[in-house]
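Novice: Next up is a structure, given as structure tokens.
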Amino acid sequence: MTAAAANERRASARHCERRSQGTIVTGRLFLSRERTVELDVRSTAASEAAKLDLSRLFRSLTVPVHAPRRALLQRLAALGVALAARPAWSAVGEPPASAADFCGSGERGRRLWVPGDDGYLGRLSPLDGPVTLLASAARSPSAAVSRGPLGYATRTRRRHYTNPTLVLQRGQRVRVNLVNALAQPTIVHWHGLAVDGNNDGNGSFLVKPGGRYAYDFEVRNRSGMYWYHPHPHGLTAAQTYGGLYGAVVVEDDDERALRAALDLVPGRTEIPLIMQDRGADTYRATPHDMTHGLVGSDLYVNGTKCPYLDVGSRIYRFRMLNAANARTLLIAFRTAKGALLPFTLIGNDGGLLPAPMRCERAFLATAERIDVLLDLRDAAVGDSILLQTLAFDAMHLEMAHAAPADPHAGHAAPTDAHAGHSPPADPHAAHAHSAGMHLPASAWPDGAPRALLELRVRQRIAFDRAIPERLSTLPPIAASSVAERTFRLGFADGRWRINDRVFEMGMPPIEVQRGKVETWLIRNDPSSMPHAMHLHGFPFEVLGREKSPGDVAALEIDPQGRLATDLGRKDTVLVWPGESVRVAVDFSHPYAGPQAYLFHCHNLEHEDGGMMLPVAVV
Ligand SMILES: [Cu+2]
């Protein structure tokens, strides 16, 4: 591609943009119960008058609801404010989209399980003493949640939890006792947390059945959503699939400022969406799954299948975690009429971005997180919005040479079996179908579209808060003139490999010097599939992408080829076939002596199959 063509493509890529470039606030005026006019106030050099307090503006515009529209326009014009009436994105009175869109015929939607202060995924702040996580196969009696057969049970003096969301303050000490009531060894890895090797849970030591392990560490990460899951080599996929995972929410001043600015309340207007696809309760990975990754037929959000959530007309925060073994999602919101509804990306794996980004879609690979704001102020009571994964080319280009025969693969048409129930086709659908030609029969192939959650607007709410222009301060990692390592991802002799190597206990690690900054160039083979590469212990900065495939290049936001979701800090980055991703890692840490970590693919079947290398910081 020529430089001019590349620039043209970037110029046309409007899927994500900085919100801070001009847009100050948006608001609405209510003309009647049925009609709204949107105010779009932009800051320009010529119109500094537009930088006015929105509530003051509304007060100054107080008029009877039956006032003629022209009267309002005149009063706005007198204030020097440009008024843009946007078309309503959803017709009034239209019935909510049926949950059958994603549940299939005959099934009804269920109310989304929203974590509270106990129960499944309940928020727990361990401020004064250790928390015990009992890894067990004990079923909870809850009918509201369809979680897998395994869970982490926790009991405090007053409350019971399963897979508690640990709410931690930056700088606090955390003590967790893992007790293993499973019939096989396990260990917990704190995904994304910067801790020492003994607390990382990298699988170099395991807790036997009946045994326990005491974690004790300080929270050094920025505010953000991290998570925990098992990491016993060879058993990680089965245990995670079985239901052993939970969120870690780290809070700091940036987090508190955001919540105050937008009046966000966890469990009410700030909702975690922890997503996992499953089929049968029992984990059975075929040789085909071990090569391509196991994708389930059903999606569960916070343990709810076919979920809906009642919302009001205000800004909501959704904190999404892809806890699937292997499935990648292409996240978007759609109105009942099928139009994409832009959202604001405010954070990812490593916490809040410096500034909000307005996006239409974002890839979310296994283990990745995104933090988004959705502005529903233009919604009318009765509207329905769907959170979806859109169709995309999942690029299983390894199929031609890598796939062993799958005895479970049928010979039905290998495209989306639910296509008949899917919302309107995505412009990229054609790619997904071409990719589908390589895929074995599956109820829900990787890359096929699906609605994930229905938002039902039930209540009109007056809400005049504005999204802050700055969210956090994040200096770049100083990565000029530093050593670069190259990692090649590929497949040979029936195994996925990093630099032609397959993980074995005790193998020589990659050695890096503590305190040094390195850049890592992760190159994926063209005849490969996407790999979600995860580094333990050290959040990294994505410096750029090269040779990105079309669906990915379409989301580029800068000349380095980065996506909006690449900004800030990451711990997992999806590298597509033929693509190279360069990251910068600062290997500084405060711990005494050498520390052991891992670098691996987070497609859990690939990880268990050995697509992993030990990293020693010496
Ligand atoms: Cu992989």
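Ligands are numbered from 1 in the order shown, residues from 1 within each chain, and chains are lettered A, B, ... in the order they appear in the structure tokens.
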Excluding A:Arg314 and any residue of its chain fewer than 2 positions from it, enumerate the residues within 9 Å of it, using only C-alpha atoms, and give them as number ranges by chain.

Specialist: A: 269, 311-312, 316, 374-379, 460-465

Novice: Excluding stretch 241-252 of chain A and its own-chain neighbours fewer than 6 positions away, which residues fall within 7 Å of it when counting only C-alpha atoms? Please give them as a list in words.

Specialist: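 Once the adjacent positions are removed, what remains is Leu121, Arg147, Gly148, Pro149, Leu150, Gly151, Tyr152, Asn163, Pro164, Thr165, Leu166, Val167, Leu168, Gln169, Arg170, Arg222, Ser223, Gly224, Met225, Tyr226, Trp227, Tyr228, His229, Pro230, Asp281, Tyr283 and Asn325 of chain A.
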
Novice: For the residues selected in the previous step, produce a file with C-alpha atoms as a JSON list (two decimals), in the first residue's frame.

Specialist:
[["chain", "number", "residue", "atom", "x", "y", "z"],
["A", 121, "LEU", "CA", -19.49, -11.80, 41.63],
["A", 147, "ARG", "CA", -22.56, -20.38, 36.27],
["A", 148, "GLY", "CA", -20.31, -23.30, 35.49],
["A", 149, "PRO", "CA", -19.82, -26.25, 37.81],
["A", 150, "LEU", "CA", -16.79, -24.73, 39.58],
["A", 151, "GLY", "CA", -16.50, -21.60, 41.70],
["A", 152, "TYR", "CA", -14.52, -19.71, 44.30],
["A", 163, "ASN", "CA", -16.28, -15.57, 42.60],
["A", 164, "PRO", "CA", -16.23, -12.28, 44.55],
["A", 165, "THR", "CA", -15.24, -9.07, 42.77],
["A", 166, "LEU", "CA", -12.30, -7.91, 44.87],
["A", 167, "VAL", "CA", -12.45, -4.13, 45.20],
["A", 168, "LEU", "CA", -8.94, -2.92, 46.03],
["A", 169, "GLN", "CA", -7.40, 0.47, 46.69],
["A", 170, "ARG", "CA", -4.16, 1.35, 44.97],
["A", 222, "ARG", "CA", -3.55, 1.99, 38.33],
["A", 223, "SER", "CA", -7.30, 1.93, 38.78],
["A", 224, "GLY", "CA", -8.90, -0.50, 36.39],
["A", 225, "MET", "CA", -10.56, -3.86, 36.01],
["A", 226, "TYR", "CA", -8.22, -6.79, 36.37],
["A", 227, "TRP", "CA", -9.17, -10.39, 37.06],
["A", 228, "TYR", "CA", -8.18, -13.70, 38.56],
["A", 229, "HIS", "CA", -8.34, -17.22, 37.20],
["A", 230, "PRO", "CA", -6.52, -20.57, 37.51],
["A", 281, "ASP", "CA", -20.99, -28.01, 31.60],
["A", 283, "TYR", "CA", -15.10, -29.30, 29.48],
["A", 325, "ASN", "CA", -11.43, -19.56, 26.54]]

Novice: List all protein, DNA and RNA residues that have an atom no more than 8 Å from any atom of ligand 1, counting only C-alpha atoms and all ligand atoms, and report them as a PyMOL selection string.

Specialist: chain A and resi 293+496+529-533+600-607+611

Novice: With N, CA and C atoms retained, could you export that selection as a compact mmCIF listing (two decimals), in the first residue's frame?

Specialist:
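Writing the result to out31.txt gives the following:
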# COMPACT_ATOMS: atom_id res chain seq x y z
N GLY A 293 -8.89 -23.49 19.41
CA GLY A 293 -9.51 -22.85 20.56
C GLY A 293 -10.96 -23.28 20.67
N TRP A 496 1.17 -25.10 18.51
CA TRP A 496 1.43 -23.66 18.42
C TRP A 496 2.72 -23.35 19.17
N MET A 529 -3.64 -17.92 13.12
CA MET A 529 -4.93 -17.38 13.56
C MET A 529 -4.61 -16.29 14.58
N PRO A 530 -5.56 -15.49 15.00
CA PRO A 530 -5.25 -14.45 15.98
C PRO A 530 -4.82 -15.08 17.31
N HIS A 531 -3.79 -14.48 17.91
CA HIS A 531 -3.33 -14.94 19.22
C HIS A 531 -3.34 -13.77 20.19
N ALA A 532 -3.98 -13.97 21.34
CA ALA A 532 -4.08 -12.92 22.36
C ALA A 532 -2.89 -13.08 23.32
N MET A 533 -1.84 -12.29 23.09
CA MET A 533 -0.59 -12.50 23.81
C MET A 533 -0.58 -11.73 25.13
N HIS A 600 2.56 -15.63 27.18
CA HIS A 600 1.85 -16.73 26.51
C HIS A 600 0.61 -16.24 25.77
N CYS A 601 0.08 -17.14 24.94
CA CYS A 601 -1.19 -16.88 24.29
C CYS A 601 -2.30 -17.15 25.29
N HIS A 602 -3.31 -16.27 25.33
CA HIS A 602 -4.41 -16.44 26.28
C HIS A 602 -5.59 -17.18 25.69
N ASN A 603 -5.47 -17.63 24.45
CA ASN A 603 -6.39 -18.67 23.98
C ASN A 603 -6.04 -19.88 24.85
N LEU A 604 -6.95 -20.27 25.75
CA LEU A 604 -6.54 -21.19 26.82
C LEU A 604 -6.16 -22.57 26.30
N GLU A 605 -6.73 -22.96 25.15
CA GLU A 605 -6.30 -24.23 24.57
C GLU A 605 -4.87 -24.11 24.04
N HIS A 606 -4.53 -22.97 23.48
CA HIS A 606 -3.16 -22.77 23.02
C HIS A 606 -2.20 -22.73 24.20
N GLU A 607 -2.62 -22.04 25.25
CA GLU A 607 -1.76 -21.93 26.44
C GLU A 607 -1.50 -23.32 27.03
N MET A 611 1.79 -22.91 24.17
CA MET A 611 2.15 -21.66 23.50
C MET A 611 2.48 -20.61 24.57

Novice: Just the residues within 6 Å of A:Leu521, please, counting only C-alpha atoms, with nothing from its chain fewer than 6 positions along; format it as a list of chain:residue names.

Specialist: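 In the requested form, the answer reads A:Thr486, A:Val581, A:Arg582.
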
Novice: Work out how far atom CA of A:Thr366 is from atom CA of A:His288, in Å to one decimal.

Specialist: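 So the two atoms, atom CA of A:His288 and atom CA of A:Thr366, lie 18.4 Å apart.
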
Novice: List every residue of stretch 462-605 of chain A that DSSP, applied to the backbone, labels as alpha helix (DSSP H), and write the result as a list of chain:residue names.

Specialist: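 Put together, the selection reads A:Gly550, A:Asp551, A:Val552, A:Ala553, A:Leu604, A:Glu605.
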